[in-house]
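Asks: start-v5.txt is the file, holding compact mmCIF, C-alpha atoms and all ligand atoms:
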```
# COMPACT_ATOMS: atom_id res chain seq x y z
CA MET A 633 8.78 -66.18 -238.07
CA ALA A 634 11.07 -63.85 -240.05
CA PRO A 635 14.55 -63.37 -238.51
CA PRO A 636 14.95 -60.08 -236.63
CA THR A 637 16.36 -57.07 -238.47
CA VAL A 638 19.22 -55.21 -236.80
CA LEU A 639 20.20 -51.66 -237.69
CA VAL A 640 23.99 -51.42 -237.32
CA THR A 641 25.47 -47.92 -237.14
CA GLY A 642 29.18 -47.61 -237.99
CA GLY A 643 28.93 -50.99 -239.69
CA ALA A 644 31.72 -50.20 -242.17
CA GLY A 645 34.25 -49.81 -239.35
CA TYR A 646 36.65 -52.28 -237.77
CA ILE A 647 34.37 -53.68 -235.05
CA GLY A 648 31.14 -53.04 -236.94
CA SER A 649 32.19 -55.00 -240.03
CA HIS A 650 33.36 -58.00 -237.98
CA THR A 651 30.12 -57.95 -235.98
CA VAL A 652 27.93 -57.64 -239.09
CA LEU A 653 29.65 -60.79 -240.41
CA GLU A 654 28.82 -62.79 -237.26
CA MET A 655 25.25 -61.41 -237.16
CA LEU A 656 24.68 -62.57 -240.76
CA ASN A 657 26.15 -65.98 -239.91
CA ALA A 658 23.76 -66.14 -236.94
CA GLY A 659 20.78 -65.53 -239.26
CA TYR A 660 20.02 -61.86 -238.49
CA ASN A 661 19.00 -59.45 -241.26
CA VAL A 662 21.34 -56.44 -241.22
CA ILE A 663 20.84 -52.84 -242.29
CA CYS A 664 24.07 -50.79 -242.11
CA VAL A 665 24.51 -47.03 -241.92
CA ASP A 666 27.86 -45.27 -241.95
CA ASN A 667 29.04 -41.80 -243.06
CA LEU A 668 32.42 -43.28 -244.10
CA CYS A 669 34.38 -40.67 -242.10
CA ASN A 670 36.67 -43.51 -241.03
CA ALA A 671 35.94 -46.26 -243.55
CA TYR A 672 37.24 -46.83 -247.08
CA SER A 673 34.98 -46.89 -250.10
CA SER A 674 36.31 -47.20 -253.63
CA GLY A 675 33.29 -45.25 -254.86
CA ALA A 676 32.90 -47.76 -257.69
CA SER A 677 30.78 -50.03 -255.53
CA LYS A 678 27.66 -49.02 -253.57
CA LEU A 679 29.10 -50.72 -250.49
CA PRO A 680 32.21 -49.65 -248.55
CA GLU A 681 35.04 -52.13 -249.15
CA ALA A 682 34.83 -53.84 -245.76
CA LEU A 683 31.13 -54.62 -246.27
CA ASN A 684 31.76 -55.72 -249.86
CA ARG A 685 34.10 -58.32 -248.45
CA VAL A 686 31.68 -59.32 -245.67
CA GLN A 687 29.08 -60.02 -248.37
CA GLU A 688 31.69 -62.01 -250.31
CA ILE A 689 32.63 -64.09 -247.24
CA THR A 690 29.07 -64.78 -246.02
CA GLY A 691 27.26 -64.86 -249.37
CA LYS A 692 24.58 -62.77 -247.67
CA LYS A 693 23.18 -59.37 -248.64
CA ILE A 694 23.71 -56.21 -246.60
CA HIS A 695 21.49 -53.14 -247.02
CA PHE A 696 23.81 -50.13 -246.76
CA TYR A 697 23.00 -46.39 -246.53
CA ARG A 698 25.54 -43.60 -246.42
CA VAL A 699 24.06 -41.76 -243.43
CA ASN A 700 25.40 -39.39 -240.78
CA ILE A 701 23.64 -40.33 -237.56
CA THR A 702 23.67 -36.68 -236.44
CA ASP A 703 21.30 -35.94 -239.35
CA ARG A 704 17.75 -36.49 -238.10
CA GLU A 705 16.13 -36.77 -241.53
CA GLN A 706 18.70 -39.23 -242.84
CA VAL A 707 18.23 -41.45 -239.78
CA ARG A 708 14.44 -41.27 -239.92
CA SER A 709 14.41 -42.26 -243.59
CA VAL A 710 16.09 -45.57 -242.74
CA PHE A 711 13.39 -46.39 -240.17
CA GLN A 712 10.73 -45.55 -242.77
CA GLU A 713 12.40 -47.83 -245.33
CA HIS A 714 12.77 -50.89 -243.07
CA LYS A 715 11.03 -52.55 -240.12
CA ILE A 716 13.83 -52.54 -237.57
CA ASP A 717 13.69 -54.75 -234.46
CA MET A 718 16.97 -53.86 -232.67
CA VAL A 719 19.91 -51.47 -233.01
CA ALA A 720 23.66 -52.12 -232.53
CA HIS A 721 25.41 -48.78 -232.25
CA PHE A 722 29.12 -48.60 -233.22
CA ALA A 723 29.24 -45.21 -234.99
CA ALA A 724 31.57 -42.84 -233.14
CA LEU A 725 34.86 -40.96 -233.31
CA LYS A 726 37.33 -42.86 -231.12
CA ALA A 727 40.80 -41.31 -231.16
CA VAL A 728 41.67 -40.36 -227.58
CA GLY A 729 44.35 -37.80 -228.43
CA GLU A 730 42.24 -36.18 -231.18
CA SER A 731 39.32 -35.87 -228.74
CA CYS A 732 41.50 -33.67 -226.50
CA ARG A 733 42.23 -31.40 -229.47
CA ILE A 734 38.66 -31.13 -230.87
CA PRO A 735 36.30 -31.98 -227.98
CA LEU A 736 33.25 -30.22 -229.46
CA GLN A 737 33.37 -32.38 -232.61
CA TYR A 738 33.55 -35.48 -230.38
CA TYR A 739 30.64 -34.38 -228.19
CA HIS A 740 28.56 -33.50 -231.24
CA ASN A 741 29.33 -36.63 -233.20
CA ASN A 742 29.15 -39.15 -230.37
CA MET A 743 26.52 -37.60 -228.08
CA THR A 744 24.18 -35.75 -230.48
CA GLY A 745 24.48 -38.66 -232.90
CA THR A 746 23.42 -41.14 -230.25
CA ASN A 747 20.55 -38.93 -229.06
CA VAL A 748 19.22 -38.51 -232.62
CA LEU A 749 19.38 -42.27 -233.05
CA LEU A 750 17.59 -42.98 -229.75
CA GLU A 751 14.82 -40.48 -230.58
CA ALA A 752 14.27 -42.08 -233.99
CA MET A 753 14.12 -45.50 -232.32
CA ALA A 754 11.48 -44.38 -229.82
CA ASP A 755 9.42 -42.70 -232.57
CA ASN A 756 9.40 -46.03 -234.39
CA ASN A 757 8.73 -48.20 -231.33
CA VAL A 758 12.22 -49.76 -231.36
CA PHE A 759 13.54 -50.17 -227.80
CA LYS A 760 16.26 -52.84 -227.98
CA PHE A 761 19.75 -51.32 -228.06
CA VAL A 762 23.32 -52.66 -227.93
CA TYR A 763 25.88 -49.95 -227.19
CA SER A 764 29.65 -49.90 -227.91
CA SER A 765 31.14 -48.79 -224.64
CA SER A 766 34.72 -49.08 -223.43
CA ALA A 767 36.79 -49.98 -220.41
CA THR A 768 37.85 -46.36 -220.60
CA VAL A 769 34.67 -45.51 -218.61
CA TYR A 770 36.44 -47.01 -215.56
CA GLY A 771 39.33 -44.50 -215.71
CA GLU A 772 42.42 -45.64 -213.81
CA PRO A 773 41.47 -48.99 -212.22
CA LYS A 774 41.12 -48.85 -208.41
CA PHE A 775 41.20 -52.66 -208.25
CA LEU A 776 41.96 -55.54 -210.58
CA PRO A 777 40.54 -57.44 -212.32
CA VAL A 778 38.00 -54.74 -213.19
CA THR A 779 34.40 -55.81 -212.59
CA GLU A 780 31.22 -54.05 -213.77
CA GLU A 781 30.83 -52.80 -210.16
CA HIS A 782 34.00 -50.71 -210.52
CA PRO A 783 33.13 -46.98 -210.39
CA THR A 784 32.77 -45.28 -213.76
CA GLY A 785 33.15 -41.63 -214.75
CA ASN A 786 36.74 -40.91 -213.82
CA CYS A 787 37.57 -40.57 -217.54
CA THR A 788 40.76 -38.88 -218.70
CA SER A 789 39.67 -37.75 -222.19
CA PRO A 790 36.64 -36.20 -223.95
CA TYR A 791 36.39 -39.46 -225.91
CA GLY A 792 36.13 -41.48 -222.71
CA LYS A 793 33.58 -38.99 -221.33
CA THR A 794 31.35 -39.45 -224.40
CA LYS A 795 31.20 -43.14 -223.54
CA TYR A 796 30.50 -42.48 -219.86
CA PHE A 797 27.93 -39.70 -220.47
CA THR A 798 26.10 -41.88 -223.01
CA GLU A 799 25.88 -44.73 -220.49
CA GLU A 800 24.36 -42.30 -217.96
CA ILE A 801 21.83 -41.11 -220.57
CA LEU A 802 20.91 -44.73 -221.29
CA LYS A 803 20.43 -45.47 -217.56
CA ASP A 804 18.10 -42.44 -217.23
CA LEU A 805 16.21 -43.48 -220.35
CA CYS A 806 15.64 -46.99 -218.99
CA LYS A 807 14.48 -45.58 -215.65
CA SER A 808 12.02 -43.21 -217.36
CA ASP A 809 10.51 -45.71 -219.81
CA LYS A 810 10.30 -49.42 -219.01
CA ARG A 811 10.08 -50.34 -222.69
CA TRP A 812 13.84 -49.82 -223.12
CA ALA A 813 16.19 -52.84 -222.98
CA VAL A 814 19.84 -51.72 -223.27
CA VAL A 815 23.04 -53.77 -223.23
CA SER A 816 26.21 -51.68 -222.89
CA LEU A 817 29.27 -53.71 -223.85
CA ARG A 818 32.50 -52.39 -222.30
CA TYR A 819 35.31 -53.46 -224.62
CA PHE A 820 38.82 -53.86 -223.29
CA ASN A 821 41.43 -53.95 -226.11
CA PRO A 822 39.99 -55.40 -229.35
CA VAL A 823 42.64 -56.70 -231.76
CA GLY A 824 42.97 -59.26 -234.55
CA ALA A 825 41.05 -59.95 -237.75
CA HIS A 826 38.64 -62.44 -239.31
CA ILE A 827 40.37 -65.75 -240.17
CA SER A 828 39.88 -65.09 -243.91
CA GLY A 829 42.38 -62.22 -243.79
CA ARG A 830 39.92 -60.24 -245.96
CA ILE A 831 38.74 -57.80 -243.25
CA GLY A 832 40.72 -56.24 -240.42
CA GLU A 833 41.76 -53.06 -238.65
CA ASP A 834 42.66 -50.31 -241.11
CA PRO A 835 43.46 -47.15 -239.11
CA ASN A 836 43.68 -43.82 -240.90
CA GLY A 837 47.24 -42.45 -240.78
CA GLU A 838 49.65 -43.37 -237.99
CA PRO A 839 48.01 -45.95 -235.68
CA ASN A 840 47.29 -44.83 -232.09
CA ASN A 841 46.92 -48.37 -230.86
CA LEU A 842 49.59 -50.99 -230.21
CA MET A 843 48.57 -53.97 -232.35
CA PRO A 844 48.10 -52.16 -235.67
CA TYR A 845 51.39 -50.36 -235.04
CA ILE A 846 53.24 -53.64 -234.46
CA ALA A 847 51.64 -55.10 -237.62
CA GLN A 848 52.72 -52.10 -239.73
CA VAL A 849 56.31 -52.43 -238.44
CA ALA A 850 56.29 -56.17 -239.23
CA VAL A 851 55.02 -55.58 -242.77
CA GLY A 852 57.59 -52.82 -243.37
CA ARG A 853 55.28 -49.80 -243.39
CA ARG A 854 56.92 -48.30 -240.25
CA PRO A 855 60.59 -48.47 -239.24
CA LYS A 856 60.09 -49.22 -235.55
CA LEU A 857 57.70 -49.35 -232.62
CA SER A 858 58.08 -46.90 -229.73
CA VAL A 859 57.35 -48.72 -226.49
CA TYR A 860 55.73 -46.15 -224.23
CA GLY A 861 57.30 -46.71 -220.83
CA SER A 862 59.44 -49.56 -219.47
CA ASP A 863 59.34 -48.55 -215.79
CA PHE A 864 55.77 -49.53 -214.92
CA PRO A 865 55.27 -51.82 -211.88
CA THR A 866 54.55 -54.78 -214.18
CA LYS A 867 56.22 -58.11 -215.04
CA ASP A 868 58.62 -56.56 -217.58
CA GLY A 869 58.08 -52.83 -216.91
CA THR A 870 55.82 -52.30 -219.94
CA GLY A 871 52.05 -51.65 -219.95
CA VAL A 872 49.70 -54.59 -219.38
CA ARG A 873 46.31 -54.77 -221.11
CA ASP A 874 43.47 -57.23 -221.77
CA TYR A 875 43.61 -57.88 -225.53
CA ILE A 876 40.51 -59.56 -226.90
CA HIS A 877 40.15 -61.16 -230.35
CA ILE A 878 37.78 -59.15 -232.56
CA VAL A 879 35.81 -62.29 -233.46
CA ASP A 880 35.31 -63.12 -229.76
CA LEU A 881 34.10 -59.55 -229.36
CA ALA A 882 31.76 -59.86 -232.36
CA GLU A 883 30.34 -63.12 -231.00
CA GLY A 884 29.67 -61.32 -227.72
CA HIS A 885 27.45 -58.87 -229.62
CA VAL A 886 25.46 -61.70 -231.18
CA LYS A 887 24.90 -63.14 -227.68
CA ALA A 888 23.71 -59.70 -226.54
CA LEU A 889 21.25 -59.53 -229.46
CA ASP A 890 20.06 -63.06 -228.65
CA LYS A 891 19.45 -61.94 -225.05
CA LEU A 892 17.46 -58.88 -226.15
CA ARG A 893 15.55 -60.94 -228.70
CA ASN A 894 14.40 -63.52 -226.19
CA ILE A 895 13.93 -61.68 -222.93
CA ALA A 896 10.83 -59.94 -221.59
CA GLU A 897 13.04 -58.22 -218.99
CA THR A 898 13.96 -54.61 -219.76
CA GLY A 899 16.37 -52.06 -218.25
CA PHE A 900 20.09 -51.24 -218.47
CA PHE A 901 22.74 -54.00 -218.42
CA ALA A 902 26.52 -53.49 -218.69
CA TYR A 903 29.00 -56.28 -219.42
CA ASN A 904 32.80 -56.37 -219.72
CA LEU A 905 34.05 -57.95 -222.93
CA GLY A 906 37.60 -59.07 -222.13
CA THR A 907 39.59 -62.27 -221.59
CA GLY A 908 40.56 -61.71 -217.94
CA VAL A 909 44.21 -62.14 -218.98
CA GLY A 910 46.78 -59.33 -218.91
CA CYS A 911 49.48 -59.17 -221.59
CA SER A 912 52.43 -56.72 -221.61
CA VAL A 913 53.62 -54.70 -224.61
CA LEU A 914 56.80 -56.75 -224.92
CA GLU A 915 54.90 -60.03 -224.56
CA LEU A 916 52.70 -58.96 -227.47
CA VAL A 917 55.73 -57.91 -229.55
CA HIS A 918 57.38 -61.31 -229.03
CA ALA A 919 54.13 -63.20 -229.71
CA PHE A 920 53.76 -61.26 -232.96
CA GLU A 921 57.33 -62.09 -234.00
CA ARG A 922 56.60 -65.79 -233.42
CA ALA A 923 53.29 -65.65 -235.35
CA SER A 924 54.64 -63.66 -238.30
CA GLY A 925 58.23 -64.85 -238.48
CA GLN A 926 59.11 -61.16 -238.83
CA LYS A 927 61.35 -59.05 -236.60
CA VAL A 928 59.57 -56.18 -234.86
CA THR A 929 62.14 -53.48 -234.15
CA TYR A 930 61.30 -51.39 -231.10
CA GLU A 931 62.72 -48.66 -228.90
CA LEU A 932 61.96 -48.13 -225.19
CA VAL A 933 60.84 -44.49 -224.78
CA ASP A 934 59.03 -42.37 -222.18
CA ARG A 935 55.51 -43.16 -221.02
CA ARG A 936 52.52 -41.77 -222.98
CA SER A 937 50.47 -39.35 -220.88
CA GLY A 938 47.21 -40.87 -219.61
CA ASP A 939 48.46 -44.46 -219.75
CA VAL A 940 47.82 -46.70 -216.76
CA ALA A 941 50.22 -49.51 -215.82
CA THR A 942 47.75 -52.39 -215.83
CA CYS A 943 44.14 -52.95 -216.87
CA TYR A 944 42.36 -56.24 -217.42
CA ALA A 945 38.78 -57.47 -217.09
CA ASP A 946 36.77 -59.70 -214.85
CA ALA A 947 34.51 -61.14 -217.58
CA LYS A 948 32.50 -63.55 -215.41
CA LEU A 949 29.25 -61.55 -215.60
CA ALA A 950 29.10 -61.74 -219.42
CA GLU A 951 29.64 -65.49 -219.14
CA GLN A 952 26.78 -65.86 -216.66
CA ALA A 953 24.34 -63.42 -218.29
CA LEU A 954 25.12 -63.89 -221.99
CA GLY A 955 26.58 -67.39 -222.06
CA TRP A 956 29.65 -65.82 -223.72
CA LYS A 957 33.35 -66.32 -223.04
CA ALA A 958 36.41 -65.32 -225.07
CA THR A 959 38.13 -68.42 -226.49
CA ARG A 960 40.95 -67.06 -228.69
CA GLY A 961 44.39 -66.39 -227.16
CA ILE A 962 47.24 -63.99 -227.91
CA ASP A 963 48.92 -66.27 -230.47
CA LYS A 964 45.67 -66.51 -232.49
CA MET A 965 45.20 -62.74 -232.25
CA CYS A 966 48.71 -62.26 -233.72
CA GLU A 967 48.33 -64.96 -236.41
CA ASP A 968 45.04 -63.48 -237.64
CA THR A 969 46.35 -59.90 -237.51
CA TRP A 970 49.40 -60.94 -239.52
CA ARG A 971 47.31 -62.74 -242.19
CA TRP A 972 45.20 -59.56 -242.67
CA GLN A 973 48.18 -57.18 -242.64
CA SER A 974 50.43 -59.28 -244.92
CA GLN A 975 47.59 -59.80 -247.43
CA ASN A 976 46.59 -56.12 -247.24
CA PRO A 977 49.82 -54.17 -246.52
CA ASN A 978 48.01 -50.87 -247.19
CA GLY A 979 44.63 -51.85 -245.76
CA TYR A 980 41.49 -51.65 -247.92
CA ALA A 981 42.73 -48.92 -250.25
CA GLN A 982 45.06 -51.31 -252.04
CA LYS A 983 43.10 -53.79 -254.15
N1 LIG B 1001 38.62 -50.22 -231.39
C1 LIG B 1001 38.70 -50.18 -230.08
O1 LIG B 1001 39.75 -50.49 -229.49
C2 LIG B 1001 37.50 -49.77 -229.23
C3 LIG B 1001 37.56 -49.91 -227.84
C4 LIG B 1001 36.45 -49.55 -227.09
C5 LIG B 1001 35.31 -49.05 -227.72
N2 LIG B 1001 35.28 -48.92 -229.06
C6 LIG B 1001 34.07 -48.38 -229.70
O2 LIG B 1001 33.61 -49.28 -230.69
C7 LIG B 1001 32.98 -48.56 -231.75
C8 LIG B 1001 33.59 -48.96 -233.08
O3 LIG B 1001 34.98 -48.76 -232.98
P1 LIG B 1001 35.93 -49.14 -234.22
O4 LIG B 1001 37.26 -49.48 -233.63
O5 LIG B 1001 35.23 -50.11 -235.11
O6 LIG B 1001 36.07 -47.73 -234.94
P2 LIG B 1001 35.97 -47.38 -236.51
O7 LIG B 1001 36.36 -45.97 -236.64
O8 LIG B 1001 36.66 -48.43 -237.30
O9 LIG B 1001 34.40 -47.55 -236.79
C9 LIG B 1001 33.49 -46.52 -236.48
C10 LIG B 1001 32.63 -46.32 -237.72
O10 LIG B 1001 31.64 -45.36 -237.44
C11 LIG B 1001 31.54 -44.47 -238.54
N3 LIG B 1001 31.03 -43.19 -238.02
C12 LIG B 1001 31.63 -42.33 -237.17
N4 LIG B 1001 30.82 -41.27 -236.94
C13 LIG B 1001 29.68 -41.48 -237.65
C14 LIG B 1001 28.48 -40.75 -237.84
N5 LIG B 1001 28.28 -39.56 -237.26
N6 LIG B 1001 27.52 -41.27 -238.65
C15 LIG B 1001 27.70 -42.46 -239.26
N7 LIG B 1001 28.83 -43.20 -239.14
C16 LIG B 1001 29.80 -42.70 -238.34
C17 LIG B 1001 32.95 -44.40 -239.14
O11 LIG B 1001 32.94 -44.03 -240.50
C18 LIG B 1001 33.45 -45.83 -238.94
O12 LIG B 1001 33.17 -46.63 -240.06
C19 LIG B 1001 33.17 -47.07 -231.42
O13 LIG B 1001 31.98 -46.62 -230.77
C20 LIG B 1001 34.33 -47.08 -230.43
O14 LIG B 1001 34.27 -45.99 -229.54
C21 LIG B 1001 36.35 -49.26 -229.86
C1 LIG B 1002 44.99 -43.71 -223.11
C2 LIG B 1002 44.34 -44.26 -224.33
O1 LIG B 1002 44.65 -43.90 -225.44
N1 LIG B 1002 43.41 -45.22 -224.11
C3 LIG B 1002 42.65 -45.74 -225.26
C4 LIG B 1002 43.44 -46.89 -225.87
O2 LIG B 1002 43.58 -47.86 -224.86
P1 LIG B 1002 45.05 -48.43 -224.60
O3 LIG B 1002 45.94 -47.29 -224.33
O4 LIG B 1002 44.91 -49.51 -223.58
O5 LIG B 1002 45.39 -49.12 -226.02
P2 LIG B 1002 46.69 -48.90 -226.90
O6 LIG B 1002 46.66 -49.95 -227.93
O7 LIG B 1002 46.77 -47.47 -227.35
O8 LIG B 1002 47.95 -49.16 -225.89
C5 LIG B 1002 48.12 -50.45 -225.31
C6 LIG B 1002 49.48 -50.48 -224.64
O9 LIG B 1002 50.48 -50.36 -225.66
C7 LIG B 1002 51.30 -49.24 -225.41
N2 LIG B 1002 51.64 -48.65 -226.72
C8 LIG B 1002 50.65 -48.26 -227.59
C9 LIG B 1002 50.98 -47.77 -228.84
C10 LIG B 1002 52.35 -47.65 -229.21
O10 LIG B 1002 52.71 -47.21 -230.30
N3 LIG B 1002 53.31 -48.05 -228.30
C11 LIG B 1002 52.99 -48.54 -227.06
O11 LIG B 1002 53.86 -48.89 -226.26
C12 LIG B 1002 50.50 -48.33 -224.50
O12 LIG B 1002 51.37 -47.54 -223.67
C13 LIG B 1002 49.69 -49.34 -223.68
O13 LIG B 1002 50.50 -49.81 -222.61
O14 LIG B 1002 42.75 -47.48 -226.94
C14 LIG B 1002 41.46 -47.97 -226.57
C15 LIG B 1002 40.84 -48.53 -227.82
O15 LIG B 1002 40.76 -47.55 -228.80
C16 LIG B 1002 40.58 -46.85 -225.99
O16 LIG B 1002 39.32 -47.37 -225.58
C17 LIG B 1002 41.31 -46.25 -224.81
O17 LIG B 1002 40.53 -45.15 -224.31
```
Do you think you could lay out the structure here as structure tokens?

Replies:
Amino acid sequence: MAPPTVLVTGGAGYIGSHTVLEMLNAGYNVICVDNLCNAYSSGASKLPEALNRVQEITGKKIHFYRVNITDREQVRSVFQEHKIDMVAHFAALKAVGESCRIPLQYYHNNMTGTNVLLEAMADNNVFKFVYSSSATVYGEPKFLPVTEEHPTGNCTSPYGKTKYFTEEILKDLCKSDKRWAVVSLRYFNPVGAHISGRIGEDPNGEPNNLMPYIAQVAVGRRPKLSVYGSDFPTKDGTGVRDYIHIVDLAEGHVKALDKLRNIAETGFFAYNLGTGVGCSVLELVHAFERASGQKVTYELVDRRSGDVATCYADAKLAEQALGWKATRGIDKMCEDTWRWQSQNPNGYAQK
């Protein structure tokens, strides 16, 4: 029996590339599409740099197509070229602040793109779908730890709404057609890098997120970190989040594919991918200093609008349903981030 073939959208991105690596290691065939709007390609090679390196690490081949998932013909051509068994969908725009400035581009890219993809799947009798969702669908947590039963929809940004609206579309789709089997993975705060140090998070421009910002200060690309708020009702006054190692997250996707591959059961399933442990901004800064041996200069400044004090997951359901549990702690997340950042001070662009 030939191993299943997975179509991975956004496979050249941070989470996509790490997940493609674990899928290949687990024996899946992988077809990647990406329009490279947020992924580096030297142009010299057919593959974007992150996927070049995934091939190098795994010794396995990746089929790559430069495709915009909002383009119906481009998406259909991939389904005509390959027999696809399942889809893992990472392709999206994901900058919260930017989504408030250009909401229409976010709704078009993330919603129309997903709808075009789902239509092409149905036309080709492909009904197994893993979706990149986010804890942002929960809005400000009403209780902690956050379980999958927590209400969704109280999103504070167009980006967050694209995640929530897409989940609602997927629920309606599953209700209307029992052939659909959908796993929506709600990520908390993915950080870290593959142990090789060859792939990692490579944000365009100034990082929005904490870990890449800390790493760029430690490697000397930024003078200091601004700590957004030190008067939250938390252990040290700074924001608390559930940081999850990117390889734990990637392994969670492989477990989701394994579930879809082996089950007869269909319908919509949502699972939190988190550690269940909260970590404050200053705790992460100090852990990073220990892991890197570098000083991370920071300044306590005002809160960032939209930030909640504390958010962390109850990840028991994923453990029960997928047989998955995060195993890597904060120190490992910092060590692996530092290896990537120190070996690639300017990300993929610098050879
Ligand atoms: N990184 C996080 O903290 C986080 C948290 C929760 C959810 N997510 C979700 O996980 C997914 C991947 O996130 P990431 O951090 O790897 O982001 P990323 O930007 O590194 O990867 C996204 C990839 O999708 C591609 N892409 C975007 N629009 C496309 C389109 N129309 N057609 C084809 N390719 C397109 C980009 O070029 C990029 O390579 C996204 O859906 C994001 O919303 C990320
Ligand atoms: C409000 C917001 O943007 N939420 C998004 C953010 O989550 P979230 O805000 O949790 O993730 P961040 O990494 O941006 O911030 C984590 C913590 O670090 C603090 N911090 C961050 C950066 C910095 O330079 N200094 C600093 O102090 C923040 O105040 C927060 O307390 O990223 C997630 C992953 O992309 C998205 O799914 C969330 O929708």

Asks: Measure the distance from CA of Val940 (chain A) to CA of Ser764 (chain A) in Å and round it to one decimal.

Replies: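 Between these atoms lies a distance of 21.6 Å.
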
Asks: Measuring between only C-alpha atoms and all ligand atoms, which one of A:Ala727, A:Ala981, A:Leu805, A:Met753 shows the shortest distance to ligand LIG 1001 (chain B)?

Replies: A:Ala727

Asks: In Å, how far is it from CA of Phe920 (chain A) to CA of Ala825 (chain A)?

Replies: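 Computed distance, CA of Phe920 (chain A) to CA of Ala825 (chain A), equals 13.6 Å.
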
Asks: For a quick check of understanding, using all atoms listed in the file, which of A:Leu889, A:Ile962, A:Cys664, A:Leu949 has the smallest distance to Asn821 (chain A)?

Replies: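 Residue with the minimum atom-to-atom distance to Asn821 (chain A): A:Ile962.
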
Asks: Please determine, counting all atoms listed in the file, which residue among A:Thr788, A:Thr907, A:Thr870, A:Ser674 has the shortest atom-to-atom distance to Lys957 (chain A).

Replies: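 Answer, going by the shortest atom-to-atom distance: A:Thr907.
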
Asks: Calculated over only C-alpha atoms, which of the candidates A:Ala644, A:Arg708, A:Val662, A:Phe775 has the smallest distance to Leu679 (chain A)?

Replies: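 Looking at the shortest contact to Leu679 (chain A), the residue is A:Ala644.
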
Asks: Record the distance separating CA of Tyr646 (chain A) and CA of Ala919 (chain A), expressed in Å with one decimal.

Replies: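 Answer for the CA of Tyr646 (chain A) to CA of Ala919 (chain A) separation: 22.1 Å.
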
Asks: What lies within 12 Å of Lys693 (chain A) using only C-alpha atoms, ignoring chain neighbours under 2 positions off, as a ChimeraX atom specification?

Replies: /A:652-653,655-657,659-664,679,683-691,695-696

Asks: With 4 Å on each side, where is the centre of the axis-aligned box around all listed atoms of region 895-913 of chain A, and how long are its edges in Å to one decimal, as AutoDock Vina command-line options?

Replies:
```
--center_x 32.2 --center_y -56.8 --center_z -221.3 --size_x 50.8 --size_y 19.0 --size_z 14.7
```

Asks: Within 8 Å of ligand LIG 1002 (chain B), which residues of chain A come that close, and what is the closest atom pair and distance in Å for each? Count all atoms listed in the file and give it as a tab-separated table.

Replies:
```
residue	atom	partner	partner_atom	distance
A:Lys726	CA	B:LIG1002	O15	6.3
A:Ala727	CA	B:LIG1002	O15	6.7
A:Val728	CA	B:LIG1002	O1	5.1
A:Gly729	CA	B:LIG1002	O1	6.8
A:Ser766	CA	B:LIG1002	O16	5.4
A:Ala767	CA	B:LIG1002	O16	6.3
A:Thr768	CA	B:LIG1002	O17	4.7
A:Thr788	CA	B:LIG1002	C1	7.8
A:Ser789	CA	B:LIG1002	O17	7.7
A:Tyr791	CA	B:LIG1002	O17	7.2
A:Gly792	CA	B:LIG1002	O17	5.9
A:Tyr819	CA	B:LIG1002	O16	7.4
A:Phe820	CA	B:LIG1002	O16	6.9
A:Asn821	CA	B:LIG1002	C15	5.7
A:Pro822	CA	B:LIG1002	C15	7.1
A:Pro839	CA	B:LIG1002	O10	7.3
A:Asn840	CA	B:LIG1002	O7	5.5
A:Asn841	CA	B:LIG1002	O6	3.3
A:Leu842	CA	B:LIG1002	C9	3.8
A:Met843	CA	B:LIG1002	O6	6.3
A:Tyr845	CA	B:LIG1002	O10	5.8
A:Ile846	CA	B:LIG1002	O10	7.7
A:Leu857	CA	B:LIG1002	O10	5.9
A:Ser858	CA	B:LIG1002	N3	5.1
A:Val859	CA	B:LIG1002	O11	3.5
A:Tyr860	CA	B:LIG1002	O11	3.9
A:Gly861	CA	B:LIG1002	O12	6.6
A:Thr870	CA	B:LIG1002	O13	6.5
A:Gly871	CA	B:LIG1002	O13	3.6
A:Val872	CA	B:LIG1002	O13	5.8
A:Arg873	CA	B:LIG1002	O4	6.0
A:Ser912	CA	B:LIG1002	O13	7.2
A:Val913	CA	B:LIG1002	O9	5.5
A:Arg935	CA	B:LIG1002	O12	6.6
A:Arg936	CA	B:LIG1002	O12	5.9
A:Ser937	CA	B:LIG1002	C1	7.3
A:Gly938	CA	B:LIG1002	C1	5.0
A:Asp939	CA	B:LIG1002	C1	4.9
A:Val940	CA	B:LIG1002	O13	7.1
A:Ala941	CA	B:LIG1002	O13	6.8
A:Thr942	CA	B:LIG1002	O13	7.8
A:Cys943	CA	B:LIG1002	O4	7.6
```

Asks: Nearest residue to ligand LIG 1001 (chain B) out of A:Met718, A:Ala658, A:Val748, A:Ala671, using all atoms listed in the file?

Replies: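 Among A:Met718, A:Ala658, A:Val748, A:Ala671, it is A:Ala671 that comes nearest to ligand LIG 1001 (chain B).
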
Asks: Taking all atoms listed in the file into account, which residues have an atom no farther than 9 Å from ligand LIG 1001 (chain B)? I'd like them as a ChimeraX atom specification.

Replies: /A:641-650,665-672,698-703,721-727,740-742,744-746,763-768,791-792,794-795,817-823,833-836,841

Asks: Which residue gives the smallest distance to Gly955 (chain A) among A:Asp890, A:Asp804, A:Glu713, A:Glu781, with all atoms listed in the file counted?

Replies: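 Among A:Asp890, A:Asp804, A:Glu713, A:Glu781, it is A:Asp890 that comes nearest to Gly955 (chain A).
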
Asks: Report as a ChimeraX atom specification all protein, DNA and RNA residues lying within 12 Å of Glu800 (chain A), evaluated on all atoms listed in the file, omitting residues in the same chain fewer than 2 positions from it.

Replies: /A:743,765,769,784-785,793-798,802-807,814,816,900-902
